[in-house]
Amino acid sequence: MNSPKHLGHKPIISVNDYDKIDAQYRNDTDVKALSIGIAQYDFNEISLKVWRHTGIKWSRQNEELPLHRNIDLNILLLASLLKDTTSDYPNSNLREEIDDNSNVKLIQDYYKAHEIFLKPRFEELRDKLNEFLKK
């Protein structure tokens, strides 16, 4: 399914038919597309959007994030995977703090259980970051 062009967020570049490549949720998800485009909350901003479809209409549960928040979430994810629970020091400039020390390992275990889907995405992210930073 293609990202809608008639709603508030105006896609510039889309990943259509995302439901077919949505890692362990492929072919069983309501996420139909991803896009980067003009933000619905401010036409002077660029945002990323996750497009959900109920099967009948576009969902109100679509998610739109400013670019910096998306990057920060990726930093938080990586910092969490690298987190040493015996250390009080953050792993990033976000100054993340452990809220539930007993469950930090759940994040790391989740990665290990889904590594087949996640590692290739991290590798591509690394490659794209390296390519971008060389410019």
# chains A, B, ... in the order shown; residues from 1 in each chain; ligands from 1
>>> select_by_dssp(residues="stretch 13-76 of chain A", states="helix (DSSP H, G or I)", output="JSON, numbers by chain")
{"A": [18, 19, 20, 23, 24, 25, 67, 68, 69, 70, 71, 72, 73, 74, 75, 76]}
>>> write_last_selection(atoms="all heavy atoms", output="CSV table (one decimal), in the first residue's frame")
chain,number,residue,atom,x,y,z
A,18,TYR,N,5.4,-1.4,3.2
A,18,TYR,CA,6.3,-1.7,4.3
A,18,TYR,C,5.9,-3.0,5.0
A,18,TYR,O,6.7,-3.7,5.6
A,18,TYR,CB,6.4,-0.6,5.3
A,18,TYR,CG,7.4,-0.8,6.4
A,18,TYR,CD1,8.7,-0.7,6.2
A,18,TYR,CD2,6.9,-1.1,7.7
A,18,TYR,CE1,9.6,-1.0,7.2
A,18,TYR,CE2,7.8,-1.3,8.7
A,18,TYR,CZ,9.2,-1.3,8.5
A,18,TYR,OH,10.1,-1.5,9.5
A,19,ASP,N,4.6,-3.3,5.0
A,19,ASP,CA,4.1,-4.5,5.7
A,19,ASP,C,4.7,-5.8,5.2
A,19,ASP,O,4.7,-6.8,5.9
A,19,ASP,CB,2.5,-4.6,5.6
A,19,ASP,CG,2.0,-4.5,4.1
A,19,ASP,OD1,2.6,-3.7,3.3
A,19,ASP,OD2,1.1,-5.2,3.8
A,20,LYS,N,5.3,-5.7,4.0
A,20,LYS,CA,5.9,-6.9,3.4
A,20,LYS,C,7.4,-7.1,3.9
A,20,LYS,O,8.0,-8.1,3.7
A,20,LYS,CB,5.9,-6.9,1.9
A,20,LYS,CG,4.5,-7.0,1.4
A,20,LYS,CD,4.5,-6.8,-0.1
A,20,LYS,CE,3.1,-7.0,-0.7
A,20,LYS,NZ,2.1,-6.0,-0.4
A,23,ALA,N,10.2,-6.8,9.3
A,23,ALA,CA,10.9,-7.7,10.2
A,23,ALA,C,10.0,-8.9,10.6
A,23,ALA,O,9.3,-9.5,9.7
A,23,ALA,CB,11.5,-7.0,11.4
A,24,GLN,N,10.0,-9.2,11.9
A,24,GLN,CA,9.2,-10.4,12.3
A,24,GLN,C,7.7,-10.1,12.2
A,24,GLN,O,6.9,-11.1,12.3
A,24,GLN,CB,9.5,-10.8,13.7
A,24,GLN,CG,9.1,-9.8,14.8
A,24,GLN,CD,10.2,-8.7,15.1
A,24,GLN,OE1,11.0,-8.4,14.3
A,24,GLN,NE2,10.1,-8.2,16.3
A,25,TYR,N,7.2,-8.9,11.8
A,25,TYR,CA,5.8,-8.6,11.7
A,25,TYR,C,5.4,-8.6,10.2
A,25,TYR,O,4.2,-8.3,9.9
A,25,TYR,CB,5.4,-7.3,12.3
A,25,TYR,CG,5.8,-7.2,13.7
A,25,TYR,CD1,6.8,-6.4,14.2
A,25,TYR,CD2,5.2,-8.0,14.7
A,25,TYR,CE1,7.2,-6.3,15.5
A,25,TYR,CE2,5.5,-7.9,16.0
A,25,TYR,CZ,6.5,-7.1,16.4
A,25,TYR,OH,6.9,-7.1,17.7
A,67,LEU,N,12.8,14.7,13.0
A,67,LEU,CA,14.0,13.9,12.7
A,67,LEU,C,14.9,13.7,13.9
A,67,LEU,O,15.4,12.6,14.1
A,67,LEU,CB,14.8,14.6,11.6
A,67,LEU,CG,14.1,14.7,10.2
A,67,LEU,CD1,15.0,15.4,9.2
A,67,LEU,CD2,13.5,13.4,9.7
A,68,HIS,N,15.1,14.7,14.7
A,68,HIS,CA,16.1,14.6,15.8
A,68,HIS,C,15.5,13.6,16.8
A,68,HIS,O,16.3,12.9,17.4
A,68,HIS,CB,16.3,16.0,16.5
A,68,HIS,CG,15.1,16.5,17.3
A,68,HIS,ND1,14.1,17.1,16.7
A,68,HIS,CD2,14.8,16.4,18.6
A,68,HIS,CE1,13.2,17.5,17.6
A,68,HIS,NE2,13.6,17.1,18.8
A,69,ARG,N,14.2,13.5,17.0
A,69,ARG,CA,13.7,12.5,18.0
A,69,ARG,C,13.9,11.1,17.4
A,69,ARG,O,14.2,10.1,18.2
A,69,ARG,CB,12.2,12.7,18.2
A,69,ARG,CG,12.0,14.0,19.1
A,69,ARG,CD,10.6,14.2,19.5
A,69,ARG,NE,10.4,15.5,20.1
A,69,ARG,CZ,9.3,16.2,20.0
A,69,ARG,NH1,8.3,15.8,19.3
A,69,ARG,NH2,9.3,17.4,20.5
A,70,ASN,N,13.8,10.9,16.1
A,70,ASN,CA,14.0,9.6,15.6
A,70,ASN,C,15.5,9.2,15.8
A,70,ASN,O,15.8,8.0,16.2
A,70,ASN,CB,13.7,9.6,14.1
A,70,ASN,CG,13.9,8.2,13.5
A,70,ASN,OD1,15.0,7.8,13.1
A,70,ASN,ND2,12.8,7.4,13.4
A,71,ILE,N,16.4,10.1,15.5
A,71,ILE,CA,17.8,9.8,15.8
A,71,ILE,C,18.1,9.5,17.2
A,71,ILE,O,18.8,8.6,17.6
A,71,ILE,CB,18.7,11.0,15.2
A,71,ILE,CG1,18.5,11.1,13.7
A,71,ILE,CG2,20.1,10.8,15.6
A,71,ILE,CD1,19.1,12.3,13.1
A,72,ASP,N,17.5,10.3,18.1
A,72,ASP,CA,17.6,10.1,19.6
A,72,ASP,C,17.1,8.8,20.0
A,72,ASP,O,17.7,8.1,20.8
A,72,ASP,CB,16.9,11.2,20.4
A,72,ASP,CG,17.7,12.6,20.3
A,72,ASP,OD1,18.8,12.6,19.8
A,72,ASP,OD2,17.1,13.6,20.7
A,73,LEU,N,16.0,8.3,19.4
A,73,LEU,CA,15.5,7.0,19.8
A,73,LEU,C,16.5,5.9,19.3
A,73,LEU,O,16.6,4.9,20.0
A,73,LEU,CB,14.1,6.8,19.1
A,73,LEU,CG,12.9,7.5,19.8
A,73,LEU,CD1,11.7,7.4,18.9
A,73,LEU,CD2,12.7,6.8,21.2
A,74,ASN,N,17.1,6.1,18.2
A,74,ASN,CA,18.1,5.1,17.7
A,74,ASN,C,19.3,5.1,18.7
A,74,ASN,O,19.9,4.1,19.0
A,74,ASN,CB,18.5,5.4,16.3
A,74,ASN,CG,17.5,4.9,15.3
A,74,ASN,OD1,17.4,3.7,15.1
A,74,ASN,ND2,16.7,5.8,14.8
A,75,ILE,N,19.7,6.3,19.1
A,75,ILE,CA,20.8,6.4,20.0
A,75,ILE,C,20.5,5.7,21.4
A,75,ILE,O,21.3,4.9,21.9
A,75,ILE,CB,21.2,7.9,20.3
A,75,ILE,CG1,21.8,8.5,19.0
A,75,ILE,CG2,22.2,8.0,21.5
A,75,ILE,CD1,22.0,10.0,19.1
A,76,LEU,N,19.2,5.9,21.8
A,76,LEU,CA,18.8,5.3,23.1
A,76,LEU,C,18.8,3.8,22.9
A,76,LEU,O,19.2,3.1,23.8
A,76,LEU,CB,17.4,5.8,23.5
A,76,LEU,CG,16.7,5.2,24.7
A,76,LEU,CD1,17.6,5.4,25.9
A,76,LEU,CD2,15.3,5.7,24.9
>>> residues_around(residues="A:Ser14", least_positions_apart="6", cutoff="12 Å", atoms="only C-alpha atoms", output="list of chain:residue names")
A:Met1, A:Asn2, A:Ser3, A:Pro4, A:Lys5, A:Lys32, A:Ala33, A:Leu34, A:Ser35, A:Ile36, A:Gly37, A:Ser47, A:Leu48, A:Lys49, A:Val50, A:Trp51
>>> atom_distance(atom1="atom CA of A:Glu96", atom2="atom CA of A:Gln108")
15.8 Å
>>> closest_residue(among="A:Leu106, A:Leu78, A:Ile13, A:Leu7", to="A:Arg126", atoms="only C-alpha atoms")
A:Leu78
>>> residues_around(residues="A:Gly8", least_positions_apart="2", cutoff="9 Å", atoms="only C-alpha atoms", output="list of chain:residue names")
A:Lys5, A:His6, A:Lys10, A:Ile38, A:Ala39, A:Gln40, A:Tyr41
>>> residues_around(residues="A:Asn101", least_positions_apart="6", cutoff="12 Å", atoms="only C-alpha atoms", output="list of chain:residue names")
A:Ser80, A:Lys83, A:Asp84, A:Thr85, A:Thr86, A:Ser87, A:Asp88, A:Ile107
>>> write_last_selection(atoms="N, CA and C atoms", output="PDB file, in the first residue's frame")
ATOM      1  N   SER A  80      21.096   1.365  25.103  1.00  0.00           N
ATOM      2  CA  SER A  80      20.472   0.338  25.939  1.00  0.00           C
ATOM      3  C   SER A  80      21.065  -1.035  25.674  1.00  0.00           C
ATOM      4  N   LYS A  83      24.352  -1.132  27.419  1.00  0.00           N
ATOM      5  CA  LYS A  83      24.301  -0.736  28.831  1.00  0.00           C
ATOM      6  C   LYS A  83      24.885  -1.783  29.761  1.00  0.00           C
ATOM      7  N   ASP A  84      25.744  -1.317  30.647  1.00  0.00           N
ATOM      8  CA  ASP A  84      26.302  -2.122  31.727  1.00  0.00           C
ATOM      9  C   ASP A  84      25.523  -1.753  32.988  1.00  0.00           C
ATOM     10  N   THR A  85      24.759  -2.689  33.528  1.00  0.00           N
ATOM     11  CA  THR A  85      23.888  -2.390  34.671  1.00  0.00           C
ATOM     12  C   THR A  85      24.664  -2.121  35.952  1.00  0.00           C
ATOM     13  N   THR A  86      25.948  -2.404  35.969  1.00  0.00           N
ATOM     14  CA  THR A  86      26.748  -2.116  37.170  1.00  0.00           C
ATOM     15  C   THR A  86      27.303  -0.698  37.144  1.00  0.00           C
ATOM     16  N   SER A  87      27.088   0.008  36.052  1.00  0.00           N
ATOM     17  CA  SER A  87      27.603   1.367  35.911  1.00  0.00           C
ATOM     18  C   SER A  87      26.477   2.378  36.036  1.00  0.00           C
ATOM     19  N   ASP A  88      26.760   3.473  36.723  1.00  0.00           N
ATOM     20  CA  ASP A  88      25.776   4.548  36.841  1.00  0.00           C
ATOM     21  C   ASP A  88      25.923   5.581  35.726  1.00  0.00           C
ATOM     22  N   ILE A 107      15.884  -6.079  27.242  1.00  0.00           N
ATOM     23  CA  ILE A 107      16.168  -5.375  25.988  1.00  0.00           C
ATOM     24  C   ILE A 107      17.265  -6.110  25.227  1.00  0.00           C
TER      25      ILE A 107
END
>>> select_by_dssp(residues="stretch 6-130 of chain A", states="strand (DSSP E or B)", output="list in words")
Lys10, Pro11, Ile12, Ile13, Ser14, Val15, Asn16, Val31, Lys32, Ala33, Leu34, Ser35, Ile36, Gly37, Ile38, Ile46, Ser47, Leu48, Lys49, Val50, Trp51, Arg52, His53, Trp58, Glu63, Glu64, Leu65 and Pro66 of chain A
